[in-house]
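Peer 1: This is the structure I want to talk about, given as structure tokens.
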Amino acid sequence: EIFKLRALEIHLTKNPCAALHLHGNNAPLAETLGQLCLALGIPFHWHAAGPKPSRSFRQRLKLALQSCSTTNTIFYAAKALHWWFATRRRFPAKPSVTPGKGLLLGTWFPNVDKQAAAKGHFRSRYWEAAHDALPNDLPVHWLFVHVDPKEKIQANVQLRDSLMPDHGKGDMTFWEECVTPSAALGAFSQWLSVAARARKLKAEIGKAFMWPNSHLNVYPHLRDAWHDSTQGGFLLDQLLCRKGIQAYCRAIGPQNACITSSELQSWERLLFEEQHRQGCPHVLAVQHSIVRDADFRFFVAPQQWADSEFARLMPHTVYANGKAGLMAMRHGGFAADRLDMVEAVRFMYLAEAKTLPEVEPQRLLVATSYFAKETEKMLKLLAEAANSSSAPLLNNIVIKPHPFLPVDHLVEKYFSSKPVIADGPIESHLTPGTVVFAESGTSVALLVLCRQLPLLLYIAADTFDLGIIQADTPVARVRTVQDLISALPPKPLGCTINEYFCLDTSLPRWHELFNKIFQNGNHQ
């Protein structure tokens, strides 16, 4: 929405405008446009649907909490206590680690290889064949970020305890296990300090949200994010995570290398910071999934690398998992000497993906998103299309939801005739005669193109195309009900998958990377 506002400002400055009218109940948008039109000398009229919307009780309570420092402090002190009793106490009281110089690997848990787990061995589905390239003669320390709901913590701890690393000595630890009562108290003390300093900026902070060389101020849209990250729950979560990571790194001692399965998320930056502080010579990030052309985590102004505070939160090198990611990061500002490439172990199954025979389309397989809002919009559009069209494929729908986002409640809400909800690996559902309707950001789309099955991409009507299929690939994009109806049935398209991922099954780049890190006995 902020980019749309900037585009609107450019349009208003280049074209005569007698007045600007806003229809709807979006109060932050009305505030932003009112200020913009005042600066541009354009009359502004807000036409709310009914009375001007007033804040709900919850919104008024939230603003009251934010505006009163004492109330805000009490509220987040209670949040800290709740985290301790609802989350921390579900983990073991102390971590079980084996100090030793070797390799630190940071990743998400669970999502393990079930066949290996049945035999008592740990293999992460995020690292797949990279396990086989790990050196055998040094400790491997796995740092886990728990991604399931807190109700599953104890079961996942038991799963972790039942597994043994495949290679050498080592350990597997959740960062939460390393947070002691005194560390949690220290995190809250830091929260108090940062929040107090942030509140001193209250009178001036709005001015900092001006778009450069513009009259556009986006503070109304980012007010809640500013508060959350400087005086709210996100800040508290990060400080607790930082304490856990610091304690973990002290427990295992200095390492030869630290590698994360990376999306350059906040927990990774905290880990990078601590490893830099300990003097780790190889702080590395390996691309976890895909890098979209508009993924801001990978946009870096070249001069930022000269800023020591920025550099200490970043790896020495980011390893892309294919040409697409490498080019996107170069375009985003990563210096050439901070980029390299290794094989895409998480997607290695694509190297063996077989082209399926082209047969008459029989069913529509729907692959939904990890994100709740996009998923609901997609399924609502699908249901409207099914209710308004007699197209055969819309009468034979199978929905394959993302593993971390069930859709049963949405199917119940929107569909009069309920489609089948499938589970299991997506690959098992890609059969001849299947047309796939996938959310544009999921990696499913690449597998579908590789199998040369017909594909439709869903893109929300009110946003940019942030999908992983490049814009010049002639795949039908669906934004409206009519788009979907008109596109059925689509024709299959071929795709050169190596343009996206590096898929050499012998993993020469991974072996070269580990040889470089641990050459000449450096791990001793």
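Scheme for the structure tokens: letters A, B, ... for chains in order shown; per-chain residue numbers from 1; ligand numbers from 1 in order shown.
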Name the residues of region 135-316 of chain A that come out as strand (DSSP E or B) in a backbone DSSP run; write them as a list in words.

Peer 2: Val140, His141, Trp142, Leu143, Phe144, Val145, His146, Met164, Pro165, Gly170, Asp171, Met172, Thr173, Phe174, Met210, Asn217, Ala257, Cys258, Ile259, Thr260, Ser261, Ser262, His282, Val283, Leu284, Ala285, Val286 and Gln287 of chain A

Peer 1: Excluding region 240-252 of chain A and any residue of its chain fewer than 5 positions from it, enumerate the residues within 7 Å of it, using only C-alpha atoms, and give them as a list in words.

Peer 2: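 Neighbouring residues, sequence-local ones excluded: Val97, Thr98, Pro99, Gly100, Trp175, Glu176, Cys178, Val179, Ala183, Ala184, Ala187, Leu270, Leu271 and Glu274 of chain A.
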
Peer 1: Given the choices A:Gly433, A:Glu268, A:Val475, A:Asp465, which gets closest to Glu358 (chain A) if the distance is worked out from only C-alpha atoms?

Peer 2: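 The closest residue to Glu358 (chain A) is A:Gly433.
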
Peer 1: Mind checking which residues fall within 12 Å of Lys14 (chain A), counting only C-alpha atoms, ignoring those fewer than 6 positions away in the same chain, and posting them as a PyMOL selection string?

Peer 2: chain A and resi 7-8+40

Peer 1: Between A:Phe296, A:Thr73, A:Ser124, A:Gln362, which has the minimum distance to Val194 (chain A) (counting only C-alpha atoms)?

Peer 2: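 So, comparing all the options, the nearest one is A:Thr73.
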
Peer 1: Leaving out Ala328 (chain A) and any residue of its chain fewer than 3 positions from it, which residues lie within 10 Å of it when counting only C-alpha atoms, given as a VMD selection string?

Peer 2: chain A and resid 290 to 295 298 to 299 320 323 to 325 331 to 334
